[in-house]
Amino acid sequence: MREHGAMVVNALGRRVPSSIADREQVPYRGIDVHRPEGRRWGPTVASAADYPADGDKRLPDLRAALEACGLRDGMTISTHHHLRNGDGVALAALEAAREMGVRDLMWFPSASFPCHAPVTELMDDGTVHHIEGSMNGPLGAYCSAGRMRGMGVLRSHGGRWQAIQDGEVKIDVAVIAAPTADPFGNATGSRGPSACGSINFALADSLYAEKVIVVTDNLVPFPCIPWQVQGNNVDYVVEVESIGDPAKIISGTTRITRSPDRLRTAEMIARMIRDAGILRDGFSFQAGAGGIALAFVGFLKEMMREAKVRARFVRGGSTRYLVDLLQEGLTDYILDGQTFDLAGVESIAGDPRHVPTSPFTSYNHHGKGNFASMVDVAVLGATEVDLNFNANVVTHSDGRLLHGIGGWQNCLFSRCTVLAVPSFRDRLPVIVDEVTTITGPGELVDVVATERGIAINPRREDLLDALAGSDLPIRPLEEIKAEVEALCGGAPERPAITDDPVAVIKWVDGTVIDTVYRVESSSPFGS
């Protein structure tokens, strides 16, 4: 039963629940309006006398470790997503809980992938009650169909850290997959047969969870150097044959888009950054691992060479394209949140200028500052954008929940946020009158770039002035929208969604920015 309070209207005019399962919710109030109160959550104080004097915390298997942690009905179990679609640990932990007869768990992943589709079976049989975290693909479809008993809660990477440190989510047992670890629990993602680069999305879990289990397939003698998770925060260590499929954890390479339209968009974004004066010595930028973002890095690299400009730092998701910048001396540092390909893994393991970072330093809105607002330009994507520059990254035009937020919301605080989107997908316009789900408010979106032109938010008069002499196709968003609708035969139909809430979208400060509703007849799970 998805228990929630009365629906109220937030500052963006969106209806959101006033409470979820007896937990009072704060509706979104605006950018930087809500202020936190109180102190950080902390786990129970432990005593070194309760742990082996020789530092060996190993137990024979995951079930033994979960039993030692006291896992029981209704608890919260967390996992991280650095192993991506090759992860073999999250599902193994939840299946071990089922073998123990534990029910109604809340699964709290930093993200999920298609490999986690069998969790739907664990929700059907009652082992897992609901998910608070990204629900991609099959899990999103399951939630959209109204099959999940509890209300889903989606947060950004920074919002997840905020929720943990503020005590909004109290993790009972954290299960941390580690490509390399020692018997004491020191762990890293940068080495081992299943190396993934960084495991710092699990850092909050290790610091704030009541009990912490490290699972590894590459146990080394103490000390595991360098460590990303400290053994002093770990209760038990489990050695397994494999934590996942290396071929699906890290790609051999990441590839630039071959689409002429998307290459055009990427080139226009690079030119815009140059023409607006953002490209200068000591600047910084963030770009993801999507095809347009990779192409953008390639075009920007050539312009940096021509202008003899060096970036102070670049933010990632690291790829070989960012590594090339580092090795060529075009940036001083890569500040890496997660690593997407082999070149990134090799770089983070051997180059001290390639620095693993956590959501605390990068994105946490309830901290004493973070990196996100220090980035000069961030190039992101979106599933929909509306005429108020509001953007959606979690649902599709049919209303189905199919994506997580990742660090997207947090990156909106860069000094110039660019959404790189195709003007249409499957003959459906991407620019709409009103997005299905607001994931980020339009006042933080500075530029929408499509193959048909670049729209600059009217709030950014400084950018409009800086680009007044540019030969770029700067166009009003309304004009691009009208052109695309004429091409596609009109505006897309509104999705057939119900009034039944199935999930909420949290803003970076823990307030509720929007609601996801059950969709009828749009899922293989039915309604």
# chains A, B, ... in the order shown; residues from 1 in each chain; ligands from 1
call {"tool": "closest_atom_pairs", "arguments": {"of": "range 168-265 of chain A", "to": "range 361-374 of chain A", "cutoff": "12 Å", "atoms": "only C-alpha atoms", "output": "Markdown table"}}
result
| residue | atom | partner | partner_atom | distance |
| --- | --- | --- | --- | --- |
| A:Asn200 | CA | A:Thr361 | CA | 10.5 |
| A:Phe201 | CA | A:Ser362 | CA | 10.9 |
| A:Leu203 | CA | A:Thr361 | CA | 11.1 |
| A:Ala204 | CA | A:Asn364 | CA | 10.8 |
call {"tool": "residues_around", "arguments": {"residues": "Gly344 in chain A", "least_positions_apart": "2", "cutoff": "7 Å", "atoms": "only C-alpha atoms", "output": "list in words"}}
result
Ser318, Thr319, Arg320, Val323, Thr339, Phe340, Asp341, Leu342, Glu346, Ser347 and Ile348 of chain A
call {"tool": "select_by_dssp", "arguments": {"residues": "range 12-86 of chain A", "states": "strand (DSSP E or B)", "output": "list in words"}}
result
Arg15, Val16, Pro17, Ser19, Ile20, Arg23, Glu24, Pro27, Arg58, Leu59, Thr76, Ile77, Ser78 and Thr79 of chain A
call {"tool": "write_last_selection", "arguments": {"atoms": "N, CA and C atoms", "output": "short mmCIF file (atom, residue, chain, number, x, y, z; two decimals), in the first residue's frame"}}
result
data_model
loop_
_atom_site.label_atom_id
_atom_site.label_comp_id
_atom_site.auth_asym_id
_atom_site.auth_seq_id
_atom_site.Cartn_x
_atom_site.Cartn_y
_atom_site.Cartn_z
N ARG A 15 1.62 19.18 -8.00
CA ARG A 15 0.98 18.50 -6.88
C ARG A 15 1.93 17.43 -6.33
N VAL A 16 2.18 17.48 -5.03
CA VAL A 16 3.11 16.54 -4.39
C VAL A 16 2.52 16.09 -3.06
N PRO A 17 2.87 14.89 -2.58
CA PRO A 17 2.32 14.40 -1.32
C PRO A 17 2.87 15.18 -0.12
N SER A 19 2.96 13.89 2.84
CA SER A 19 3.67 12.90 3.64
C SER A 19 3.77 11.61 2.86
N ILE A 20 4.76 10.81 3.20
CA ILE A 20 4.95 9.49 2.59
C ILE A 20 5.21 8.51 3.73
N ARG A 23 5.97 9.90 7.00
CA ARG A 23 7.10 10.83 7.04
C ARG A 23 6.66 12.14 6.39
N GLU A 24 6.66 13.21 7.15
CA GLU A 24 6.26 14.51 6.61
C GLU A 24 7.23 14.95 5.53
N PRO A 27 7.30 20.44 0.57
CA PRO A 27 7.17 20.74 -0.86
C PRO A 27 8.30 21.68 -1.31
N ARG A 58 36.62 -11.25 8.19
CA ARG A 58 36.00 -12.08 7.17
C ARG A 58 34.94 -13.01 7.75
N LEU A 59 33.85 -13.16 6.98
CA LEU A 59 32.84 -14.17 7.23
C LEU A 59 32.68 -14.98 5.95
N THR A 76 16.36 -1.21 6.08
CA THR A 76 16.85 -0.59 4.84
C THR A 76 18.22 -1.15 4.51
N ILE A 77 18.36 -1.66 3.30
CA ILE A 77 19.63 -2.21 2.83
C ILE A 77 20.08 -1.40 1.61
N SER A 78 21.35 -1.00 1.60
CA SER A 78 21.84 -0.14 0.52
C SER A 78 22.93 -0.82 -0.28
N THR A 79 23.05 -0.41 -1.54
CA THR A 79 24.13 -0.86 -2.42
C THR A 79 24.55 0.32 -3.29
#
call {"tool": "closest_residue", "arguments": {"among": "A:Val238, A:Ile131, A:Val445, A:Val8", "to": "Arg63 in chain A", "atoms": "only C-alpha atoms"}}
result
A:Val238
call {"tool": "residues_around", "arguments": {"residues": "Asn388 in chain A", "least_positions_apart": "2", "cutoff": "6 Å", "atoms": "only C-alpha atoms", "output": "PyMOL selection string"}}
result
chain A and resi 386+390+442
call {"tool": "closest_residue", "arguments": {"among": "A:Asp376, A:Asp462, A:Glu493, A:Glu485", "to": "Ser397 in chain A", "atoms": "only C-alpha atoms"}}
result
A:Glu493
call {"tool": "residues_around", "arguments": {"residues": "Asp433 in chain A", "least_positions_apart": "2", "cutoff": "9 Å", "atoms": "only C-alpha atoms", "output": "ChimeraX atom specification"}}
result
/A:385-388,431,435,481,491
call {"tool": "write_last_selection", "arguments": {"atoms": "N, CA and C atoms", "output": "PDB file, in the first residue's frame"}}
result
ATOM      1  N   VAL A 385      12.058  19.129 -22.546  1.00  0.00           N
ATOM      2  CA  VAL A 385      12.271  20.508 -22.086  1.00  0.00           C
ATOM      3  C   VAL A 385      11.016  21.292 -22.451  1.00  0.00           C
ATOM      4  N   ASP A 386      10.565  22.186 -21.560  1.00  0.00           N
ATOM      5  CA  ASP A 386       9.387  22.968 -21.916  1.00  0.00           C
ATOM      6  C   ASP A 386       9.737  24.437 -22.151  1.00  0.00           C
ATOM      7  N   LEU A 387       8.738  25.212 -22.497  1.00  0.00           N
ATOM      8  CA  LEU A 387       8.973  26.593 -22.899  1.00  0.00           C
ATOM      9  C   LEU A 387       9.424  27.483 -21.745  1.00  0.00           C
ATOM     10  N   ASN A 388       9.309  26.985 -20.516  1.00  0.00           N
ATOM     11  CA  ASN A 388       9.851  27.695 -19.354  1.00  0.00           C
ATOM     12  C   ASN A 388      11.239  27.188 -18.991  1.00  0.00           C
ATOM     13  N   ILE A 431      10.881  19.310 -27.262  1.00  0.00           N
ATOM     14  CA  ILE A 431      10.477  20.585 -26.664  1.00  0.00           C
ATOM     15  C   ILE A 431       8.947  20.623 -26.623  1.00  0.00           C
ATOM     16  N   VAL A 435       6.576  19.950 -19.408  1.00  0.00           N
ATOM     17  CA  VAL A 435       7.186  18.626 -19.263  1.00  0.00           C
ATOM     18  C   VAL A 435       6.289  17.720 -18.434  1.00  0.00           C
ATOM     19  N   LYS A 481      10.531  24.987 -31.284  1.00  0.00           N
ATOM     20  CA  LYS A 481       9.408  24.087 -30.991  1.00  0.00           C
ATOM     21  C   LYS A 481       8.409  24.069 -32.140  1.00  0.00           C
ATOM     22  N   ALA A 491       2.010  18.699 -32.025  1.00  0.00           N
ATOM     23  CA  ALA A 491       2.543  18.467 -30.688  1.00  0.00           C
ATOM     24  C   ALA A 491       2.214  17.047 -30.247  1.00  0.00           C
TER      25      ALA A 491
END
call {"tool": "closest_residue", "arguments": {"among": "A:Pro495, A:Pro36, A:Gly277, A:Gly288", "to": "Val516 in chain A", "atoms": "only C-alpha atoms"}}
result
A:Pro495
call {"tool": "closest_residue", "arguments": {"among": "A:Asp465, A:Asp336, A:Asp172, A:Glu478", "to": "Gly197 in chain A", "atoms": "only C-alpha atoms"}}
result
A:Asp336
